[in-house]
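Shown next: input27.pdb, containing PDB, C-alpha atoms, pLDDT in the B column.
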MODEL        1
ATOM      1  CA  MET A   1    -208.540 -72.061 -21.520  1.00 38.00           C
ATOM      2  CA  ALA A   2    -212.112 -70.754 -21.198  1.00 44.00           C
ATOM      3  CA  ARG A   3    -213.477 -74.322 -21.173  1.00 49.00           C
ATOM      4  CA  ARG A   4    -211.048 -75.383 -18.450  1.00 43.00           C
ATOM      5  CA  ALA A   5    -212.058 -72.371 -16.297  1.00 46.00           C
ATOM      6  CA  VAL A   6    -215.744 -73.283 -16.664  1.00 46.00           C
ATOM      7  CA  GLU A   7    -215.049 -76.929 -15.802  1.00 46.00           C
ATOM      8  CA  GLN A   8    -213.128 -75.918 -12.713  1.00 46.00           C
ATOM      9  CA  GLU A   9    -215.946 -73.646 -11.548  1.00 70.00           C
ATOM     10  CA  LEU A  10    -218.563 -76.332 -12.087  1.00 82.00           C
ATOM     11  CA  SER A  11    -217.607 -78.818  -9.418  1.00 87.00           C
ATOM     12  CA  ARG A  12    -218.678 -82.408  -9.200  1.00 89.00           C
ATOM     13  CA  GLU A  13    -220.377 -81.588  -5.873  1.00 90.00           C
ATOM     14  CA  ARG A  14    -222.501 -78.828  -7.422  1.00 92.00           C
ATOM     15  CA  ILE A  15    -223.576 -81.143 -10.218  1.00 94.00           C
ATOM     16  CA  LEU A  16    -224.486 -83.910  -7.760  1.00 92.00           C
ATOM     17  CA  GLU A  17    -226.476 -81.522  -5.584  1.00 90.00           C
ATOM     18  CA  ALA A  18    -228.424 -80.040  -8.499  1.00 92.00           C
ATOM     19  CA  ALA A  19    -229.070 -83.421 -10.121  1.00 92.00           C
ATOM     20  CA  ARG A  20    -230.227 -84.924  -6.828  1.00 87.00           C
ATOM     21  CA  HIS A  21    -232.770 -82.132  -6.380  1.00 87.00           C
ATOM     22  CA  LEU A  22    -233.990 -82.302  -9.976  1.00 91.00           C
ATOM     23  CA  PHE A  23    -234.300 -86.103 -10.000  1.00 85.00           C
ATOM     24  CA  ILE A  24    -236.546 -85.968  -6.938  1.00 79.00           C
ATOM     25  CA  THR A  25    -238.648 -82.936  -7.846  1.00 82.00           C
ATOM     26  CA  LYS A  26    -239.126 -83.660 -11.549  1.00 85.00           C
ATOM     27  CA  GLY A  27    -238.324 -87.349 -11.866  1.00 80.00           C
ATOM     28  CA  TYR A  28    -235.364 -89.109 -13.378  1.00 82.00           C
ATOM     29  CA  ARG A  29    -236.914 -89.566 -16.821  1.00 85.00           C
ATOM     30  CA  ALA A  30    -237.940 -85.901 -17.117  1.00 89.00           C
ATOM     31  CA  ILE A  31    -234.392 -84.683 -16.485  1.00 90.00           C
ATOM     32  CA  SER A  32    -231.636 -84.635 -19.065  1.00 93.00           C
ATOM     33  CA  MET A  33    -228.009 -83.659 -18.832  1.00 93.00           C
ATOM     34  CA  ARG A  34    -229.025 -80.541 -20.750  1.00 93.00           C
ATOM     35  CA  SER A  35    -231.670 -79.585 -18.161  1.00 93.00           C
ATOM     36  CA  ILE A  36    -229.193 -80.124 -15.309  1.00 94.00           C
ATOM     37  CA  GLY A  37    -226.706 -77.888 -17.103  1.00 92.00           C
ATOM     38  CA  GLN A  38    -229.368 -75.219 -17.655  1.00 92.00           C
ATOM     39  CA  HIS A  39    -230.355 -75.395 -14.005  1.00 92.00           C
ATOM     40  CA  LEU A  40    -226.734 -74.715 -13.070  1.00 92.00           C
ATOM     41  CA  GLY A  41    -226.276 -72.045 -15.728  1.00 91.00           C
ATOM     42  CA  TYR A  42    -223.776 -74.095 -17.770  1.00 91.00           C
ATOM     43  CA  SER A  43    -223.898 -75.981 -21.030  1.00 87.00           C
ATOM     44  CA  HIS A  44    -224.580 -79.704 -20.787  1.00 85.00           C
ATOM     45  CA  GLY A  45    -221.134 -80.281 -22.287  1.00 86.00           C
ATOM     46  CA  SER A  46    -219.636 -79.042 -19.020  1.00 87.00           C
ATOM     47  CA  LEU A  47    -221.320 -81.912 -17.198  1.00 90.00           C
ATOM     48  CA  TYR A  48    -219.805 -84.513 -19.509  1.00 89.00           C
ATOM     49  CA  TYR A  49    -216.398 -83.478 -18.247  1.00 88.00           C
ATOM     50  CA  HIS A  50    -217.430 -85.038 -14.898  1.00 90.00           C
ATOM     51  CA  PHE A  51    -219.967 -87.711 -15.941  1.00 91.00           C
ATOM     52  CA  LYS A  52    -220.268 -89.703 -19.183  1.00 90.00           C
ATOM     53  CA  GLU A  53    -224.046 -90.106 -18.956  1.00 87.00           C
ATOM     54  CA  LYS A  54    -227.067 -89.456 -16.772  1.00 89.00           C
ATOM     55  CA  ALA A  55    -227.050 -93.011 -15.348  1.00 86.00           C
ATOM     56  CA  GLU A  56    -223.450 -92.581 -14.179  1.00 87.00           C
ATOM     57  CA  LEU A  57    -224.430 -89.306 -12.520  1.00 91.00           C
ATOM     58  CA  PHE A  58    -227.387 -90.967 -10.779  1.00 88.00           C
ATOM     59  CA  TYR A  59    -225.242 -93.828  -9.507  1.00 88.00           C
ATOM     60  CA  ALA A  60    -222.639 -91.377  -8.195  1.00 91.00           C
ATOM     61  CA  ILE A  61    -225.397 -89.693  -6.177  1.00 89.00           C
ATOM     62  CA  VAL A  62    -226.552 -93.010  -4.742  1.00 87.00           C
ATOM     63  CA  VAL A  63    -223.050 -94.115  -3.747  1.00 90.00           C
ATOM     64  CA  GLU A  64    -222.174 -90.754  -2.187  1.00 90.00           C
ATOM     65  CA  ASP A  65    -225.349 -90.666  -0.110  1.00 90.00           C
ATOM     66  CA  PHE A  66    -225.020 -94.234   1.152  1.00 92.00           C
ATOM     67  CA  ASN A  67    -221.367 -93.636   2.051  1.00 93.00           C
ATOM     68  CA  HIS A  68    -222.399 -90.599   4.082  1.00 93.00           C
ATOM     69  CA  LEU A  69    -225.049 -92.607   5.941  1.00 93.00           C
ATOM     70  CA  ARG A  70    -222.569 -95.448   6.585  1.00 92.00           C
ATOM     71  CA  GLN A  71    -220.119 -92.999   8.156  1.00 93.00           C
ATOM     72  CA  LEU A  72    -222.825 -91.608  10.439  1.00 91.00           C
ATOM     73  CA  LEU A  73    -223.829 -95.107  11.564  1.00 89.00           C
ATOM     74  CA  LEU A  74    -220.218 -96.083  12.256  1.00 89.00           C
ATOM     75  CA  GLN A  75    -219.685 -92.923  14.297  1.00 88.00           C
ATOM     76  CA  ALA A  76    -222.880 -93.569  16.267  1.00 84.00           C
ATOM     77  CA  MET A  77    -221.735 -97.139  16.928  1.00 82.00           C
ATOM     78  CA  VAL A  78    -218.686 -96.005  18.884  1.00 82.00           C
ATOM     79  CA  ARG A  79    -220.466 -93.239  20.758  1.00 79.00           C
ATOM     80  CA  PRO A  80    -220.562 -94.132  24.460  1.00 76.00           C
ATOM     81  CA  GLU A  81    -223.870 -94.679  26.193  1.00 77.00           C
ATOM     82  CA  THR A  82    -224.850 -91.447  27.900  1.00 77.00           C
ATOM     83  CA  ASP A  83    -227.797 -90.246  29.958  1.00 74.00           C
ATOM     84  CA  GLY A  84    -229.639 -93.539  29.594  1.00 79.00           C
ATOM     85  CA  VAL A  85    -229.315 -93.540  25.785  1.00 80.00           C
ATOM     86  CA  SER A  86    -227.917 -96.820  24.459  1.00 84.00           C
ATOM     87  CA  ARG A  87    -225.698 -97.199  21.403  1.00 84.00           C
ATOM     88  CA  VAL A  88    -228.624 -98.698  19.490  1.00 88.00           C
ATOM     89  CA  GLU A  89    -230.739 -95.650  20.337  1.00 91.00           C
ATOM     90  CA  HIS A  90    -227.918 -93.392  19.131  1.00 90.00           C
ATOM     91  CA  ILE A  91    -227.774 -95.357  15.865  1.00 92.00           C
ATOM     92  CA  LEU A  92    -231.531 -95.217  15.300  1.00 95.00           C
ATOM     93  CA  MET A  93    -231.646 -91.493  16.077  1.00 94.00           C
ATOM     94  CA  GLU A  94    -228.749 -90.849  13.706  1.00 94.00           C
ATOM     95  CA  PHE A  95    -230.544 -92.753  10.948  1.00 95.00           C
ATOM     96  CA  ILE A  96    -233.735 -90.721  11.541  1.00 97.00           C
ATOM     97  CA  ARG A  97    -231.753 -87.477  11.664  1.00 95.00           C
ATOM     98  CA  PHE A  98    -230.091 -88.308   8.341  1.00 95.00           C
ATOM     99  CA  GLY A  99    -233.436 -89.061   6.682  1.00 95.00           C
ATOM    100  CA  LEU A 100    -235.128 -85.881   7.846  1.00 95.00           C
ATOM    101  CA  GLU A 101    -232.164 -83.562   7.346  1.00 93.00           C
ATOM    102  CA  ASN A 102    -231.531 -84.989   3.857  1.00 89.00           C
ATOM    103  CA  PRO A 103    -234.993 -85.690   2.450  1.00 88.00           C
ATOM    104  CA  TYR A 104    -233.978 -85.651  -1.222  1.00 81.00           C
ATOM    105  CA  GLN A 105    -231.122 -88.043  -0.594  1.00 84.00           C
ATOM    106  CA  TYR A 106    -233.277 -90.328   1.520  1.00 90.00           C
ATOM    107  CA  GLU A 107    -235.977 -90.473  -1.125  1.00 85.00           C
ATOM    108  CA  ILE A 108    -233.476 -91.440  -3.796  1.00 83.00           C
ATOM    109  CA  MET A 109    -231.828 -93.993  -1.520  1.00 88.00           C
ATOM    110  CA  PHE A 110    -234.913 -95.742  -0.149  1.00 89.00           C
ATOM    111  CA  MET A 111    -238.133 -94.493  -1.733  1.00 86.00           C
ATOM    112  CA  ILE A 112    -237.561 -94.302  -5.470  1.00 78.00           C
ATOM    113  CA  ARG A 113    -240.053 -96.395  -7.428  1.00 76.00           C
ATOM    114  CA  ASP A 114    -238.607 -96.342 -10.930  1.00 74.00           C
ATOM    115  CA  GLU A 115    -237.676 -99.938 -11.830  1.00 76.00           C
ATOM    116  CA  GLU A 116    -234.651 -98.893 -13.883  1.00 73.00           C
ATOM    117  CA  LEU A 117    -233.277 -96.834 -11.008  1.00 74.00           C
ATOM    118  CA  LEU A 118    -233.948 -99.459  -8.358  1.00 77.00           C
ATOM    119  CA  SER A 119    -231.175-101.552  -9.860  1.00 77.00           C
ATOM    120  CA  TYR A 120    -228.740 -98.753  -8.991  1.00 74.00           C
ATOM    121  CA  CYS A 121    -230.044 -98.582  -5.427  1.00 81.00           C
ATOM    122  CA  ARG A 122    -230.534-102.233  -4.444  1.00 86.00           C
ATOM    123  CA  THR A 123    -226.871-103.098  -3.992  1.00 87.00           C
ATOM    124  CA  GLU A 124    -226.229-100.018  -1.876  1.00 89.00           C
ATOM    125  CA  GLN A 125    -229.422-100.594   0.120  1.00 90.00           C
ATOM    126  CA  GLY A 126    -228.246-104.140   0.824  1.00 91.00           C
ATOM    127  CA  ARG A 127    -224.836-102.933   2.000  1.00 91.00           C
ATOM    128  CA  CYS A 128    -226.457-100.335   4.216  1.00 92.00           C
ATOM    129  CA  PHE A 129    -228.802-102.898   5.771  1.00 92.00           C
ATOM    130  CA  GLU A 130    -225.910-105.339   6.303  1.00 93.00           C
ATOM    131  CA  LEU A 131    -223.979-102.676   8.217  1.00 93.00           C
ATOM    132  CA  PHE A 132    -227.055-101.620  10.182  1.00 93.00           C
ATOM    133  CA  GLY A 133    -227.894-105.248  10.980  1.00 93.00           C
ATOM    134  CA  SER A 134    -224.342-106.123  12.020  1.00 92.00           C
ATOM    135  CA  ILE A 135    -224.230-103.188  14.428  1.00 90.00           C
ATOM    136  CA  ILE A 136    -227.555-104.170  15.997  1.00 91.00           C
ATOM    137  CA  VAL A 137    -226.584-107.865  16.187  1.00 92.00           C
ATOM    138  CA  LYS A 138    -223.268-107.018  17.865  1.00 90.00           C
ATOM    139  CA  TYR A 139    -225.050-104.953  20.487  1.00 87.00           C
ATOM    140  CA  MET A 140    -227.740-107.594  21.042  1.00 89.00           C
ATOM    141  CA  LYS A 141    -225.134-110.333  21.518  1.00 91.00           C
ATOM    142  CA  GLU A 142    -223.328-108.161  24.078  1.00 87.00           C
ATOM    143  CA  GLU A 143    -226.642-107.748  25.895  1.00 85.00           C
ATOM    144  CA  GLY A 144    -227.315-111.508  25.854  1.00 87.00           C
ATOM    145  CA  CYS A 145    -230.452-111.378  23.699  1.00 86.00           C
ATOM    146  CA  SER A 146    -231.997-114.591  22.392  1.00 88.00           C
ATOM    147  CA  GLU A 147    -230.987-116.008  19.002  1.00 91.00           C
ATOM    148  CA  GLU A 148    -234.559-115.620  17.768  1.00 90.00           C
ATOM    149  CA  ASP A 149    -234.561-111.907  18.629  1.00 88.00           C
ATOM    150  CA  ILE A 150    -231.119-111.479  17.095  1.00 91.00           C
ATOM    151  CA  GLU A 151    -232.436-112.996  13.880  1.00 91.00           C
ATOM    152  CA  HIS A 152    -235.541-110.784  13.603  1.00 91.00           C
ATOM    153  CA  VAL A 153    -234.980-107.541  15.500  1.00 91.00           C
ATOM    154  CA  PRO A 154    -232.518-105.818  13.105  1.00 93.00           C
ATOM    155  CA  ARG A 155    -234.984-105.929  10.184  1.00 93.00           C
ATOM    156  CA  THR A 156    -237.858-104.910  12.450  1.00 93.00           C
ATOM    157  CA  LEU A 157    -235.903-101.901  13.730  1.00 94.00           C
ATOM    158  CA  PHE A 158    -234.828-100.927  10.216  1.00 95.00           C
ATOM    159  CA  LEU A 159    -238.394-101.069   8.901  1.00 95.00           C
ATOM    160  CA  ALA A 160    -239.751 -99.207  11.934  1.00 95.00           C
ATOM    161  CA  ILE A 161    -237.372 -96.278  11.519  1.00 96.00           C
ATOM    162  CA  HIS A 162    -237.848 -96.257   7.750  1.00 95.00           C
ATOM    163  CA  GLY A 163    -241.604 -96.042   8.295  1.00 95.00           C
ATOM    164  CA  PHE A 164    -241.113 -93.192  10.757  1.00 96.00           C
ATOM    165  CA  ILE A 165    -238.919 -91.258   8.334  1.00 96.00           C
ATOM    166  CA  SER A 166    -241.227 -91.965   5.384  1.00 94.00           C
ATOM    167  CA  TYR A 167    -244.221 -90.662   7.316  1.00 94.00           C
ATOM    168  CA  TYR A 168    -242.621 -87.375   8.373  1.00 94.00           C
ATOM    169  CA  ILE A 169    -240.601 -86.770   5.229  1.00 91.00           C
ATOM    170  CA  GLN A 170    -243.798 -86.266   3.205  1.00 88.00           C
ATOM    171  CA  ASP A 171    -244.528 -83.028   5.052  1.00 88.00           C
ATOM    172  CA  ARG A 172    -240.890 -81.900   4.871  1.00 85.00           C
ATOM    173  CA  LEU A 173    -240.678 -81.629   8.636  1.00 87.00           C
ATOM    174  CA  THR A 174    -237.197 -81.088   9.993  1.00 89.00           C
ATOM    175  CA  PHE A 175    -235.499 -83.307  12.519  1.00 94.00           C
ATOM    176  CA  ALA A 176    -235.671 -80.512  15.104  1.00 94.00           C
ATOM    177  CA  GLU A 177    -239.457 -80.330  14.674  1.00 94.00           C
ATOM    178  CA  ILE A 178    -240.004 -84.015  15.427  1.00 94.00           C
ATOM    179  CA  GLU A 179    -236.978 -84.861  17.565  1.00 95.00           C
ATOM    180  CA  SER A 180    -239.030 -85.547  20.707  1.00 95.00           C
ATOM    181  CA  SER A 181    -241.373 -87.846  18.747  1.00 96.00           C
ATOM    182  CA  ALA A 182    -238.317 -89.603  17.298  1.00 96.00           C
ATOM    183  CA  GLN A 183    -236.850 -90.113  20.771  1.00 95.00           C
ATOM    184  CA  SER A 184    -240.131 -91.602  22.016  1.00 95.00           C
ATOM    185  CA  HIS A 185    -240.364 -93.858  18.962  1.00 95.00           C
ATOM    186  CA  VAL A 186    -236.793 -95.084  19.428  1.00 95.00           C
ATOM    187  CA  LYS A 187    -237.277 -95.659  23.177  1.00 94.00           C
ATOM    188  CA  VAL A 188    -240.308 -97.869  22.463  1.00 93.00           C
ATOM    189  CA  LEU A 189    -238.439 -99.797  19.772  1.00 93.00           C
ATOM    190  CA  CYS A 190    -235.448-100.417  22.040  1.00 89.00           C
ATOM    191  CA  ARG A 191    -237.344-101.186  25.247  1.00 85.00           C
ATOM    192  CA  ASN A 192    -236.802-104.936  25.016  1.00 69.00           C
ATOM    193  CA  ILE A 193    -233.332-105.205  23.514  1.00 75.00           C
ATOM    194  CA  GLY A 194    -231.007-104.124  26.226  1.00 57.00           C
TER     195      GLY A 194
ENDMDL
END

This structure in structure tokens:
Amino acid sequence: MARRAVEQELSRERILEAARHLFITKGYRAISMRSIGQHLGYSHGSLYYHFKEKAELFYAIVVEDFNHLRQLLLQAMVRPETDGVSRVEHILMEFIRFGLENPYQYEIMFMIRDEELLSYCRTEQGRCFELFGSIIVKYMKEEGCSEEDIEHVPRTLFLAIHGFISYYIQDRLTFAEIESSAQSHVKVLCRNIG
């Protein structure tokens, strides 16, 4: 009974949040299931109720974060154009907002350098880029853009916003602190696509 009460108190979400923070601040290899449990004030055995191993826990973090970003992009895609802000601009701003409001998640998703961990991220990165690209392509086709632009612009936009996020994320600036710079950046990027 006591074990079940502990397991119920220690939610999957709390484990994911703590592990995400520890993986970024201390590195994946330096963190064990035991250290995650200690950080949460529970035995590492409590974590095994939710995750069989550290790699499974890491992958669960990656999938959850990419799913969250996908939902934000899909919501931005259907947002109507308002006040001279196109759907593409909404999408780019939402991507930037996600990166700066969720720096630990963004770093795991797009900036992790550990070769072993990249294998967990590459598939999800590819899915994310496919969605991002398909949204941009759809918009560009509606706007009558050239086939050459349609072929190259989605990757260019993706890399440009990733570079923007990567630059500002280092200083842990919030989205609110750089929102006007983000808007200017996005306006320049979108000037010739619709």

- To verify the selection step, state as a PyMOL selection string which residues the PyMOL selection byres ((chain A and resi 150-166) around 10) yields on this input. chain A and resi 88+92-93+95-100+103+106-107+110-111+129-130+132-141+144-149+167-171+173+175+181-182+185-186+189-190+193

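The neighbours of A:Tyr28 here are the residues that come within 10 Å of it, using only C-alpha atoms and leaving out any residue fewer than 4 positions away in the same chain; they are Ala19, Arg20, Leu22, Phe23, Ile24, Ser32, Lys54, Ala55, Phe58, Ile112, Asp114, Glu116 and Leu117 of chain A.
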
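Atom CA of A:Ile31 is positioned 11.8 Å from atom CA of A:His44.
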
- Query: Hey, what's within 10 Å of A:Leu57 if we count all atoms listed in the file and toss same-chain stuff fewer than 2 positions away? As a ChimeraX atom specification, please?
  - Reply: /A:12,15-16,19-20,33,47-48,50-55,59-62

- Written as a count of residues only, which residues does the PyMOL selection byres ((chain A and resi 63) around 12) give for the file shown? 26

- Applied to this file, what does the PyMOL selection byres ((chain A and resi 42) around 12) return in terms of residues, put as a PyMOL selection string? chain A and resi 3+5-11+14-15+18+33-41+43-49

Using the selection just defined, write its residues with C-alpha atoms as a CSV table (one decimal), keeping the file's coordinate frame.
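Saved the output as out.csv:
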chain,number,residue,atom,x,y,z
A,3,ARG,CA,-213.5,-74.3,-21.2
A,5,ALA,CA,-212.1,-72.4,-16.3
A,6,VAL,CA,-215.7,-73.3,-16.7
A,7,GLU,CA,-215.0,-76.9,-15.8
A,8,GLN,CA,-213.1,-75.9,-12.7
A,9,GLU,CA,-215.9,-73.6,-11.5
A,10,LEU,CA,-218.6,-76.3,-12.1
A,11,SER,CA,-217.6,-78.8,-9.4
A,14,ARG,CA,-222.5,-78.8,-7.4
A,15,ILE,CA,-223.6,-81.1,-10.2
A,18,ALA,CA,-228.4,-80.0,-8.5
A,33,MET,CA,-228.0,-83.7,-18.8
A,34,ARG,CA,-229.0,-80.5,-20.8
A,35,SER,CA,-231.7,-79.6,-18.2
A,36,ILE,CA,-229.2,-80.1,-15.3
A,37,GLY,CA,-226.7,-77.9,-17.1
A,38,GLN,CA,-229.4,-75.2,-17.7
A,39,HIS,CA,-230.4,-75.4,-14.0
A,40,LEU,CA,-226.7,-74.7,-13.1
A,41,GLY,CA,-226.3,-72.0,-15.7
A,43,SER,CA,-223.9,-76.0,-21.0
A,44,HIS,CA,-224.6,-79.7,-20.8
A,45,GLY,CA,-221.1,-80.3,-22.3
A,46,SER,CA,-219.6,-79.0,-19.0
A,47,LEU,CA,-221.3,-81.9,-17.2
A,48,TYR,CA,-219.8,-84.5,-19.5
A,49,TYR,CA,-216.4,-83.5,-18.2

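The interatomic distance for the pair atom CA of A:Ser119 and atom CA of A:Gln71 works out to 22.8 Å.
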
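Between atom CA of A:Glu115 and atom CA of A:Arg172 the separation is 24.8 Å.
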
If the box runs along x, y and z of the file and leaves 6 Å on each side of stretch 79-92 of chain A, what are its centre and edge lengths in Å, one decimal, as JSON?
{"center_x": -226.0, "center_y": -94.5, "center_z": 22.6, "size_x": 23.1, "size_y": 20.5, "size_z": 26.7}

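With all atoms listed in the file as the atoms that count, the residue of A:Glu101, A:Ser86, A:His21, A:Leu72 with the shortest distance to A:Ile178 is A:Glu101.
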
Writing N, CA, C and O atoms and nothing else, produce stretch 130-141 of chain A as a PDB file, in the first residue's frame.
ATOM      1  N   GLU A 130       9.130  18.037 -41.425  1.00  0.00           N
ATOM      2  CA  GLU A 130       8.148  17.699 -42.469  1.00  0.00           C
ATOM      3  C   GLU A 130       6.853  18.486 -42.265  1.00  0.00           C
ATOM      4  O   GLU A 130       6.282  19.017 -43.229  1.00  0.00           O
ATOM      5  N   LEU A 131       6.378  18.550 -41.030  1.00  0.00           N
ATOM      6  CA  LEU A 131       5.163  19.313 -40.747  1.00  0.00           C
ATOM      7  C   LEU A 131       5.394  20.791 -41.036  1.00  0.00           C
ATOM      8  O   LEU A 131       4.598  21.434 -41.731  1.00  0.00           O
ATOM      9  N   PHE A 132       6.480  21.328 -40.505  1.00  0.00           N
ATOM     10  CA  PHE A 132       6.814  22.734 -40.722  1.00  0.00           C
ATOM     11  C   PHE A 132       6.884  23.029 -42.220  1.00  0.00           C
ATOM     12  O   PHE A 132       6.268  23.968 -42.715  1.00  0.00           O
ATOM     13  N   GLY A 133       7.619  22.196 -42.947  1.00  0.00           N
ATOM     14  CA  GLY A 133       7.779  22.389 -44.390  1.00  0.00           C
ATOM     15  C   GLY A 133       6.458  22.307 -45.137  1.00  0.00           C
ATOM     16  O   GLY A 133       6.188  23.117 -46.031  1.00  0.00           O
ATOM     17  N   SER A 134       5.615  21.350 -44.764  1.00  0.00           N
ATOM     18  CA  SER A 134       4.331  21.194 -45.464  1.00  0.00           C
ATOM     19  C   SER A 134       3.431  22.406 -45.240  1.00  0.00           C
ATOM     20  O   SER A 134       2.711  22.825 -46.150  1.00  0.00           O
ATOM     21  N   ILE A 135       3.479  22.973 -44.058  1.00  0.00           N
ATOM     22  CA  ILE A 135       2.679  24.167 -43.773  1.00  0.00           C
ATOM     23  C   ILE A 135       3.174  25.338 -44.630  1.00  0.00           C
ATOM     24  O   ILE A 135       2.375  26.048 -45.247  1.00  0.00           O
ATOM     25  N   ILE A 136       4.481  25.519 -44.678  1.00  0.00           N
ATOM     26  CA  ILE A 136       5.056  26.620 -45.453  1.00  0.00           C
ATOM     27  C   ILE A 136       4.770  26.420 -46.946  1.00  0.00           C
ATOM     28  O   ILE A 136       4.377  27.356 -47.655  1.00  0.00           O
ATOM     29  N   VAL A 137       4.956  25.199 -47.446  1.00  0.00           N
ATOM     30  CA  VAL A 137       4.713  24.905 -48.856  1.00  0.00           C
ATOM     31  C   VAL A 137       3.253  25.184 -49.219  1.00  0.00           C
ATOM     32  O   VAL A 137       2.960  25.797 -50.257  1.00  0.00           O
ATOM     33  N   LYS A 138       2.343  24.749 -48.373  1.00  0.00           N
ATOM     34  CA  LYS A 138       0.908  24.984 -48.632  1.00  0.00           C
ATOM     35  C   LYS A 138       0.637  26.477 -48.776  1.00  0.00           C
ATOM     36  O   LYS A 138      -0.028  26.912 -49.727  1.00  0.00           O
ATOM     37  N   TYR A 139       1.164  27.250 -47.862  1.00  0.00           N
ATOM     38  CA  TYR A 139       0.964  28.696 -47.903  1.00  0.00           C
ATOM     39  C   TYR A 139       1.590  29.289 -49.166  1.00  0.00           C
ATOM     40  O   TYR A 139       0.972  30.111 -49.854  1.00  0.00           O
ATOM     41  N   MET A 140       2.809  28.870 -49.483  1.00  0.00           N
ATOM     42  CA  MET A 140       3.506  29.411 -50.650  1.00  0.00           C
ATOM     43  C   MET A 140       2.773  29.080 -51.949  1.00  0.00           C
ATOM     44  O   MET A 140       2.714  29.903 -52.859  1.00  0.00           O
ATOM     45  N   LYS A 141       2.216  27.886 -52.035  1.00  0.00           N
ATOM     46  CA  LYS A 141       1.444  27.511 -53.230  1.00  0.00           C
ATOM     47  C   LYS A 141       0.201  28.388 -53.355  1.00  0.00           C
ATOM     48  O   LYS A 141      -0.153  28.825 -54.445  1.00  0.00           O
TER      49      LYS A 141
END
